[in-house]
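Asks: Okay, so here is query_38.tsv, and as you'll see once you scroll down, it has TSV, C-alpha atoms.
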chain	number	residue	atom	x	y	z
A	1	MET	CA	68.45	358.16	133.85
A	2	ASP	CA	70.08	354.99	135.14
A	3	LEU	CA	72.48	355.21	138.05
A	4	GLN	CA	74.72	352.31	139.00
A	5	ILE	CA	76.78	352.49	142.17
A	6	THR	CA	79.67	350.22	143.07
A	7	THR	CA	82.40	350.42	145.69
A	8	GLY	CA	86.01	349.30	145.78
A	9	GLU	CA	89.37	350.28	147.23
A	10	GLY	CA	87.78	352.92	149.44
A	11	LYS	CA	86.11	354.67	146.53
A	12	THR	CA	82.57	354.83	145.29
A	13	PHE	CA	82.02	354.56	141.56
A	14	ALA	CA	78.83	355.79	139.95
A	15	THR	CA	77.80	355.39	136.32
A	16	LEU	CA	75.17	357.59	134.73
A	17	LYS	CA	73.29	356.52	131.63
A	18	GLY	CA	70.60	358.37	129.73
A	19	ARG	CA	68.83	361.69	130.11
A	20	LEU	CA	68.26	363.68	133.28
A	21	ASP	CA	65.31	366.03	132.99
A	22	THR	CA	62.14	367.07	134.76
A	23	THR	CA	60.46	363.73	134.09
A	24	ASN	CA	62.99	361.71	136.08
A	25	ALA	CA	64.78	364.19	138.37
A	26	SER	CA	62.68	363.15	141.34
A	27	GLN	CA	63.49	359.47	140.82
A	28	PHE	CA	67.16	360.27	140.33
A	29	GLN	CA	67.19	362.19	143.60
A	30	GLN	CA	66.01	359.04	145.36
A	31	ASP	CA	68.49	356.88	143.47
A	32	MET	CA	71.43	359.04	144.46
A	33	ALA	CA	70.53	359.00	148.17
A	34	PRO	CA	73.26	356.39	148.94
A	35	LEU	CA	75.84	358.84	147.58
A	36	MET	CA	74.46	361.64	149.73
A	37	GLU	CA	74.70	359.43	152.81
A	38	LEU	CA	78.32	358.32	152.46
A	39	GLU	CA	80.25	359.07	155.65
A	40	HIS	CA	83.60	359.62	153.92
A	41	PRO	CA	82.67	360.34	150.31
A	42	ASP	CA	85.26	359.71	147.61
A	43	ILE	CA	83.10	359.50	144.51
A	44	GLU	CA	84.00	359.03	140.87
A	45	ILE	CA	81.13	359.49	138.43
A	46	ASP	CA	81.41	358.17	134.88
A	47	CYS	CA	79.34	360.47	132.65
A	48	SER	CA	80.24	358.98	129.26
A	49	ASP	CA	76.68	357.76	128.72
A	50	MET	CA	74.93	360.79	130.22
A	51	GLU	CA	73.17	362.22	127.19
A	52	TYR	CA	71.51	365.31	128.64
A	53	THR	CA	70.86	367.27	131.79
A	54	SER	CA	68.53	370.16	132.38
A	55	SER	CA	68.74	372.60	135.29
A	56	GLN	CA	66.80	370.05	137.33
A	57	GLY	CA	69.78	367.73	137.04
A	58	LEU	CA	72.24	370.50	137.83
A	59	ARG	CA	70.38	371.20	141.07
A	60	LEU	CA	70.83	367.57	142.11
A	61	PHE	CA	74.54	367.55	141.28
A	62	LEU	CA	74.88	370.75	143.32
A	63	MET	CA	73.10	369.09	146.24
A	64	LEU	CA	75.46	366.14	146.01
A	65	GLN	CA	78.56	368.34	145.76
A	66	LYS	CA	77.42	370.35	148.80
A	67	ALA	CA	76.94	367.13	150.79
A	68	VAL	CA	80.37	365.90	149.74
A	69	SER	CA	82.08	369.21	150.52
A	70	LEU	CA	80.41	369.39	153.91
A	71	LYS	CA	82.14	366.12	154.82
A	72	ASN	CA	85.45	367.22	153.31
A	73	GLY	CA	85.06	364.48	150.75
A	74	ASN	CA	85.97	364.25	147.10
A	75	MET	CA	83.84	364.00	143.98
A	76	VAL	CA	84.87	363.98	140.35
A	77	MET	CA	82.76	363.69	137.20
A	78	LYS	CA	84.57	362.03	134.31
A	79	ASN	CA	84.18	361.56	130.56
A	80	MET	CA	81.45	364.15	130.13
A	81	ARG	CA	80.15	364.64	126.59
A	82	PRO	CA	80.96	368.07	125.12
A	83	GLU	CA	77.34	369.22	124.90
A	84	VAL	CA	76.71	368.25	128.53
A	85	LYS	CA	79.99	369.82	129.61
A	86	GLU	CA	78.87	373.08	128.00
A	87	VAL	CA	75.84	373.15	130.32
A	88	PHE	CA	78.17	372.81	133.31
A	89	ASP	CA	80.49	375.49	131.89
A	90	ILE	CA	77.91	378.18	131.15
A	91	THR	CA	76.29	377.81	134.57
A	92	GLY	CA	79.61	378.01	136.38
A	93	PHE	CA	79.22	374.48	137.69
A	94	SER	CA	82.62	373.58	136.22
A	95	ASN	CA	84.07	375.90	138.88
A	96	ILE	CA	82.48	374.12	141.81
A	97	ILE	CA	82.42	370.51	140.62
A	98	LYS	CA	85.60	368.73	139.61
A	99	ILE	CA	85.31	367.59	135.99
A	100	GLN	CA	87.94	365.48	134.23
B	1	MET	CA	55.58	377.66	110.53
B	2	LEU	CA	54.18	375.68	113.42
B	3	LYS	CA	51.51	377.28	115.56
B	4	LYS	CA	49.72	375.22	118.18
B	5	ARG	CA	47.66	375.97	121.25
B	6	PHE	CA	47.66	373.69	124.29
B	7	GLU	CA	44.68	373.98	126.60
B	8	PRO	CA	44.59	372.72	129.27
B	9	VAL	CA	48.32	372.43	129.89
B	10	GLU	CA	48.50	370.33	133.04
B	11	GLY	CA	50.72	367.29	132.58
B	12	ARG	CA	51.56	368.13	128.98
B	13	ASN	CA	55.20	369.15	129.51
B	14	GLN	CA	56.67	366.39	127.38
B	15	GLU	CA	54.04	366.79	124.68
B	16	ILE	CA	55.00	370.45	124.28
B	17	ILE	CA	58.72	369.64	124.10
B	18	GLU	CA	58.20	366.86	121.56
B	19	THR	CA	55.95	369.11	119.46
B	20	VAL	CA	58.86	371.51	119.08
B	21	MET	CA	61.42	368.79	118.47
B	22	ASN	CA	59.30	366.95	115.89
B	23	CYS	CA	58.34	369.98	113.83
B	24	SER	CA	60.05	370.05	110.43
B	25	ASP	CA	62.00	373.26	111.09
B	26	VAL	CA	63.72	371.66	114.08
B	27	ASP	CA	63.84	367.96	113.22
B	28	SER	CA	66.23	368.51	110.33
B	29	LEU	CA	68.80	370.47	112.35
B	30	PRO	CA	72.13	369.01	113.56
B	31	GLU	CA	72.06	367.08	116.83
B	32	ASN	CA	74.18	369.63	118.73
B	33	ILE	CA	71.69	372.38	117.82
B	34	LYS	CA	68.73	370.18	118.74
B	35	PHE	CA	70.36	369.57	122.13
B	36	LYS	CA	70.32	373.31	122.83
B	37	ILE	CA	66.77	373.71	121.57
B	38	ARG	CA	65.41	370.84	123.70
B	39	LEU	CA	67.16	372.18	126.76
B	40	CYS	CA	65.93	375.75	126.36
B	41	VAL	CA	62.39	374.67	125.51
B	42	GLU	CA	62.30	372.46	128.59
B	43	GLU	CA	63.57	375.25	130.83
B	44	VAL	CA	61.05	377.80	129.53
B	45	GLU	CA	57.98	375.60	129.50
B	46	GLU	CA	58.75	374.21	132.97
B	47	ASN	CA	58.80	377.76	134.31
B	48	ILE	CA	55.53	378.57	132.58
B	49	LEU	CA	53.69	375.41	133.53
B	50	CYS	CA	54.95	375.26	137.11
B	51	TYR	CA	54.77	378.89	138.15
B	52	SER	CA	52.60	381.06	135.88
B	53	GLY	CA	49.20	379.58	136.71
B	54	THR	CA	48.19	379.65	133.08
B	55	THR	CA	45.58	377.30	131.63
B	56	TRP	CA	46.88	377.60	128.10
B	57	VAL	CA	50.11	377.87	126.13
B	58	GLU	CA	50.43	378.91	122.53
B	59	LEU	CA	53.54	377.69	120.77
B	60	GLY	CA	55.02	379.14	117.60
B	61	VAL	CA	58.07	377.80	115.74
B	62	TRP	CA	59.41	379.22	112.50
B	63	ILE	CA	62.62	379.96	110.60
B	64	ASP	CA	63.20	383.41	109.19
B	65	ASN	CA	66.46	384.49	107.49
B	66	SER	CA	68.43	381.55	108.92
B	67	GLN	CA	67.12	382.31	112.36
B	68	LEU	CA	65.06	379.82	114.32
B	69	ASN	CA	62.29	381.45	116.35
B	70	ILE	CA	60.47	379.71	119.18
B	71	ARG	CA	57.72	381.69	120.86
B	72	PHE	CA	55.74	380.80	123.95
B	73	ARG	CA	52.60	382.73	124.85
B	74	ASP	CA	50.64	382.08	128.02
B	75	GLY	CA	47.85	383.61	130.04
B	76	GLY	CA	49.53	383.38	133.43
B	77	VAL	CA	50.58	386.11	135.79
B	78	GLU	CA	52.74	388.80	134.23
B	79	PHE	CA	56.34	387.74	134.67
B	80	ASN	CA	59.47	388.75	132.82
B	81	PRO	CA	62.11	386.10	133.53
B	82	LEU	CA	64.76	388.35	131.97
B	83	ASP	CA	64.31	390.79	134.87
B	84	ASN	CA	65.54	388.25	137.39
B	85	GLY	CA	69.08	388.70	138.59
B	86	GLU	CA	71.56	386.09	137.43
B	87	PRO	CA	73.01	383.64	139.94
B	88	ASP	CA	76.51	384.39	141.17
B	89	LEU	CA	78.64	382.06	139.06
B	90	GLU	CA	81.73	382.80	141.13
B	91	ALA	CA	80.15	381.86	144.46
B	92	PRO	CA	81.75	378.92	146.29
B	93	VAL	CA	79.81	375.68	146.36
B	94	GLU	CA	78.38	376.22	149.85
B	95	LYS	CA	76.86	379.53	148.74
B	96	ARG	CA	75.65	378.55	145.29
B	97	GLN	CA	71.89	378.98	144.89
B	98	ILE	CA	69.74	376.64	142.79
B	99	GLY	CA	67.43	379.34	141.43
B	100	GLY	CA	67.77	381.11	138.11
B	101	LEU	CA	69.70	378.38	136.31
B	102	GLY	CA	67.04	377.69	133.68
B	103	ILE	CA	66.78	381.19	132.27
B	104	LEU	CA	70.57	381.59	132.53
B	105	ILE	CA	70.99	378.53	130.28
B	106	CYS	CA	68.53	380.00	127.77
B	107	LYS	CA	70.29	383.37	127.74
B	108	LYS	CA	73.65	381.73	127.10
B	109	MET	CA	72.50	379.23	124.48
B	110	MET	CA	70.11	381.35	122.45
B	111	SER	CA	71.16	384.29	120.27
B	112	GLU	CA	68.46	386.56	121.67
B	113	ILE	CA	65.44	386.38	123.96
B	114	VAL	CA	62.62	388.92	123.83
B	115	TYR	CA	59.87	389.21	126.44
B	116	THR	CA	56.66	391.19	125.98
B	117	TYR	CA	53.40	391.44	127.89
B	118	LYS	CA	50.36	392.35	125.86
B	119	ASP	CA	46.62	391.65	126.04
B	120	ARG	CA	47.07	389.84	129.37
B	121	SER	CA	49.54	387.43	127.80
B	122	ASN	CA	53.21	386.77	128.43
B	123	SER	CA	55.22	386.24	125.29
B	124	LEU	CA	58.75	384.87	125.31
B	125	LEU	CA	60.49	384.69	121.96
B	126	MET	CA	63.76	382.77	121.73
B	127	LYS	CA	65.87	383.40	118.63
B	128	LEU	CA	68.72	381.18	117.51
B	129	ASN	CA	70.99	382.17	114.65
B	130	LEU	CA	71.52	378.95	112.68
B	131	ASN	CA	74.55	380.34	110.85
B	132	ALA	CA	76.52	381.05	114.03
Rewrite the structure of this file - the entire thing - as structure tokens.
Replies:
Amino acid sequence: MDLQITTGEGKTFATLKGRLDTTNASQFQQDMAPLMELEHPDIEIDCSDMEYTSSQGLRLFLMLQKAVSLKNGNMVMKNMRPEVKEVFDITGFSNIIKIQ
Amino acid sequence: MLKKRFEPVEGRNQEIIETVMNCSDVDSLPENIKFKIRLCVEEVEENILCYSGTTWVELGVWIDNSQLNIRFRDGGVEFNPLDNGEPDLEAPVEKRQIGGLGILICKKMMSEIVYTYKDRSNSLLMKLNLNA
């Protein structure tokens, strides 16, 4: 899973590309550390090229959402593929993470 | 029908997943179905390899009456994942727990899951109706 992070106009933009599973979840956790450490998080994540996530990935998105919520920040995941969105839906993650 | 035994199992997570995905009964299925299969296989085998303490896994894959069957057998500690309570899907983000997501995904994506314990072996059979 590739993660690219850019900033602009007070927002942080992240782009996900590839598969997020048990083989790379640990690396992804390290890669997303800058997002976890934002003081005033306002994060927009483009998921159009995210092909797959297992429960390992969901755990990391939950960690990130908790960190963002704790700081009264904002996070939105955009352009999610239908099959990936279904994983978020059936686990109830669509209720706790903003998805557009 | 595919039947294959993996022993030892340490570090063979991806090999087990790819064995399922590359077998003829699965390889020819539509991509959206293969997505579900890969996900459920990953969730189940991760639980087995990480927590059961088994030294072997026996994998079976076959289609019967338009139903795909994927069976994992292992020699680890007796554990029925279906007995675990489901996470509270209505809980607010600060109270959401990270446990139990894998088996929840399998329950929702597969048509049926059957667990048995016999001859000191766990057996988890996932059934997916291909006509649904």
Asks: For Thr116 in chain B, please output as a list in words all residues within 12 Å (counting all atoms listed in the file; exclusion window: fewer than 4 positions along the same chain).
Replies: Arg71, Phe72, Arg73, Asp74, Glu78, Phe79, Asn80, Pro81, Leu82, Asp83, Arg120, Ser121, Asn122, Ser123, Leu124, Leu125 and Met126 of chain B
Asks: Rank B:Asp119, B:Gly76, B:Phe35, B:Leu130 by their smallest atom-to-atom distance to Glu86 in chain A, using all atoms listed in the file, and report the top residue only.
Replies: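 Closest residue, counting all atoms listed in the file: B:Phe35.
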Asks: Which chain B residues are at most 8 Å from chain A (counting all atoms listed in the file), as a list in words?
Replies: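 Listing them in order of chain and number gives Asn32, Phe35, Leu39, Glu42, Glu43, Leu89, Glu90, Pro92, Val93, Glu94, Ile98, Leu101, Gly102, Leu104, Ile105 and Lys108 of chain B.
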Asks: Identify which of the residues B:Gly99, B:Glu86, B:Val57, B:Ile70 lies closest to Cys40 in chain B, counting all atoms listed in the file when measuring atom-to-atom distances.
Replies: B:Ile70
Asks: For CA of Met1 in chain A and CA of Gln14 in chain B, quote the distance in Å rounded to one decimal.
Replies: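 These atoms are spaced 15.8 Å apart.
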Asks: With a distance cut-off of 7 Å and all atoms listed in the file, select the neighbouring residues of range 29-45 of chain A, excluding the residue or stretch itself and same-chain residues fewer than 4 positions from it, and output the selection as a ChimeraX atom specification.
Replies: /A:3,11-15,25,60,64,67-68,71,73-78
Asks: Please produce a file of the residues just selected, as a CSV table (one decimal), in the frame of the given file, where the atoms kept are C-alpha atoms.
Replies:
chain,number,residue,atom,x,y,z
A,3,LEU,CA,72.5,355.2,138.0
A,11,LYS,CA,86.1,354.7,146.5
A,12,THR,CA,82.6,354.8,145.3
A,13,PHE,CA,82.0,354.6,141.6
A,14,ALA,CA,78.8,355.8,140.0
A,15,THR,CA,77.8,355.4,136.3
A,25,ALA,CA,64.8,364.2,138.4
A,60,LEU,CA,70.8,367.6,142.1
A,64,LEU,CA,75.5,366.1,146.0
A,67,ALA,CA,76.9,367.1,150.8
A,68,VAL,CA,80.4,365.9,149.7
A,71,LYS,CA,82.1,366.1,154.8
A,73,GLY,CA,85.1,364.5,150.8
A,74,ASN,CA,86.0,364.2,147.1
A,75,MET,CA,83.8,364.0,144.0
A,76,VAL,CA,84.9,364.0,140.4
A,77,MET,CA,82.8,363.7,137.2
A,78,LYS,CA,84.6,362.0,134.3
Asks: Take CA of Val20 in chain B and CA of Val61 in chain B and report the distance between them in Å, one decimal.
Replies: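 Atom-to-atom, CA of Val20 in chain B and CA of Val61 in chain B are spaced 7.2 Å apart.
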Asks: What is the distance between CA of Cys23 in chain B and CA of Gly75 in chain B, in Å to one decimal?
Replies: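 Spanning CA of Cys23 in chain B to CA of Gly75 in chain B is a straight-line distance of 23.6 Å.
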Asks: May I have the residues within 7 Å of Trp62 in chain B as a list in words, using only C-alpha atoms and disregarding those fewer than 6 positions away in the same chain?
Replies: Met1, Leu2, Asp25, Leu68, Asn69 and Ile70 of chain B
Asks: Can you list, as a list in words, every protein, DNA or RNA residue that comes within 9 Å of Val41 in chain B when you count all atoms listed in the file, leaving out same-chain residues fewer than 5 positions away?
Replies: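 Here the answer would be Ile16, Ile17, Val20, Lys36, Glu46, Ile70 and Cys106 of chain B.
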Asks: Using the file's own x, y and z axes, what box holds all listed atoms of range 36-43 of chain A with 4 Å on each side, keeping edges along x, y and z, and what are its centre and edge lengths in Å to one decimal, as AutoDock Vina command-line options?
Replies:
--center_x 79.9 --center_y 360.0 --center_z 150.1 --size_x 18.8 --size_y 11.3 --size_z 19.1
Asks: Looking at all atoms listed in the file, which of A:Lys85, A:Cys47, A:Phe61, A:Phe28 is the one that sits closest to Leu16 in chain A?
Replies: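 Of all the options, A:Cys47 lies closest to Leu16 in chain A.
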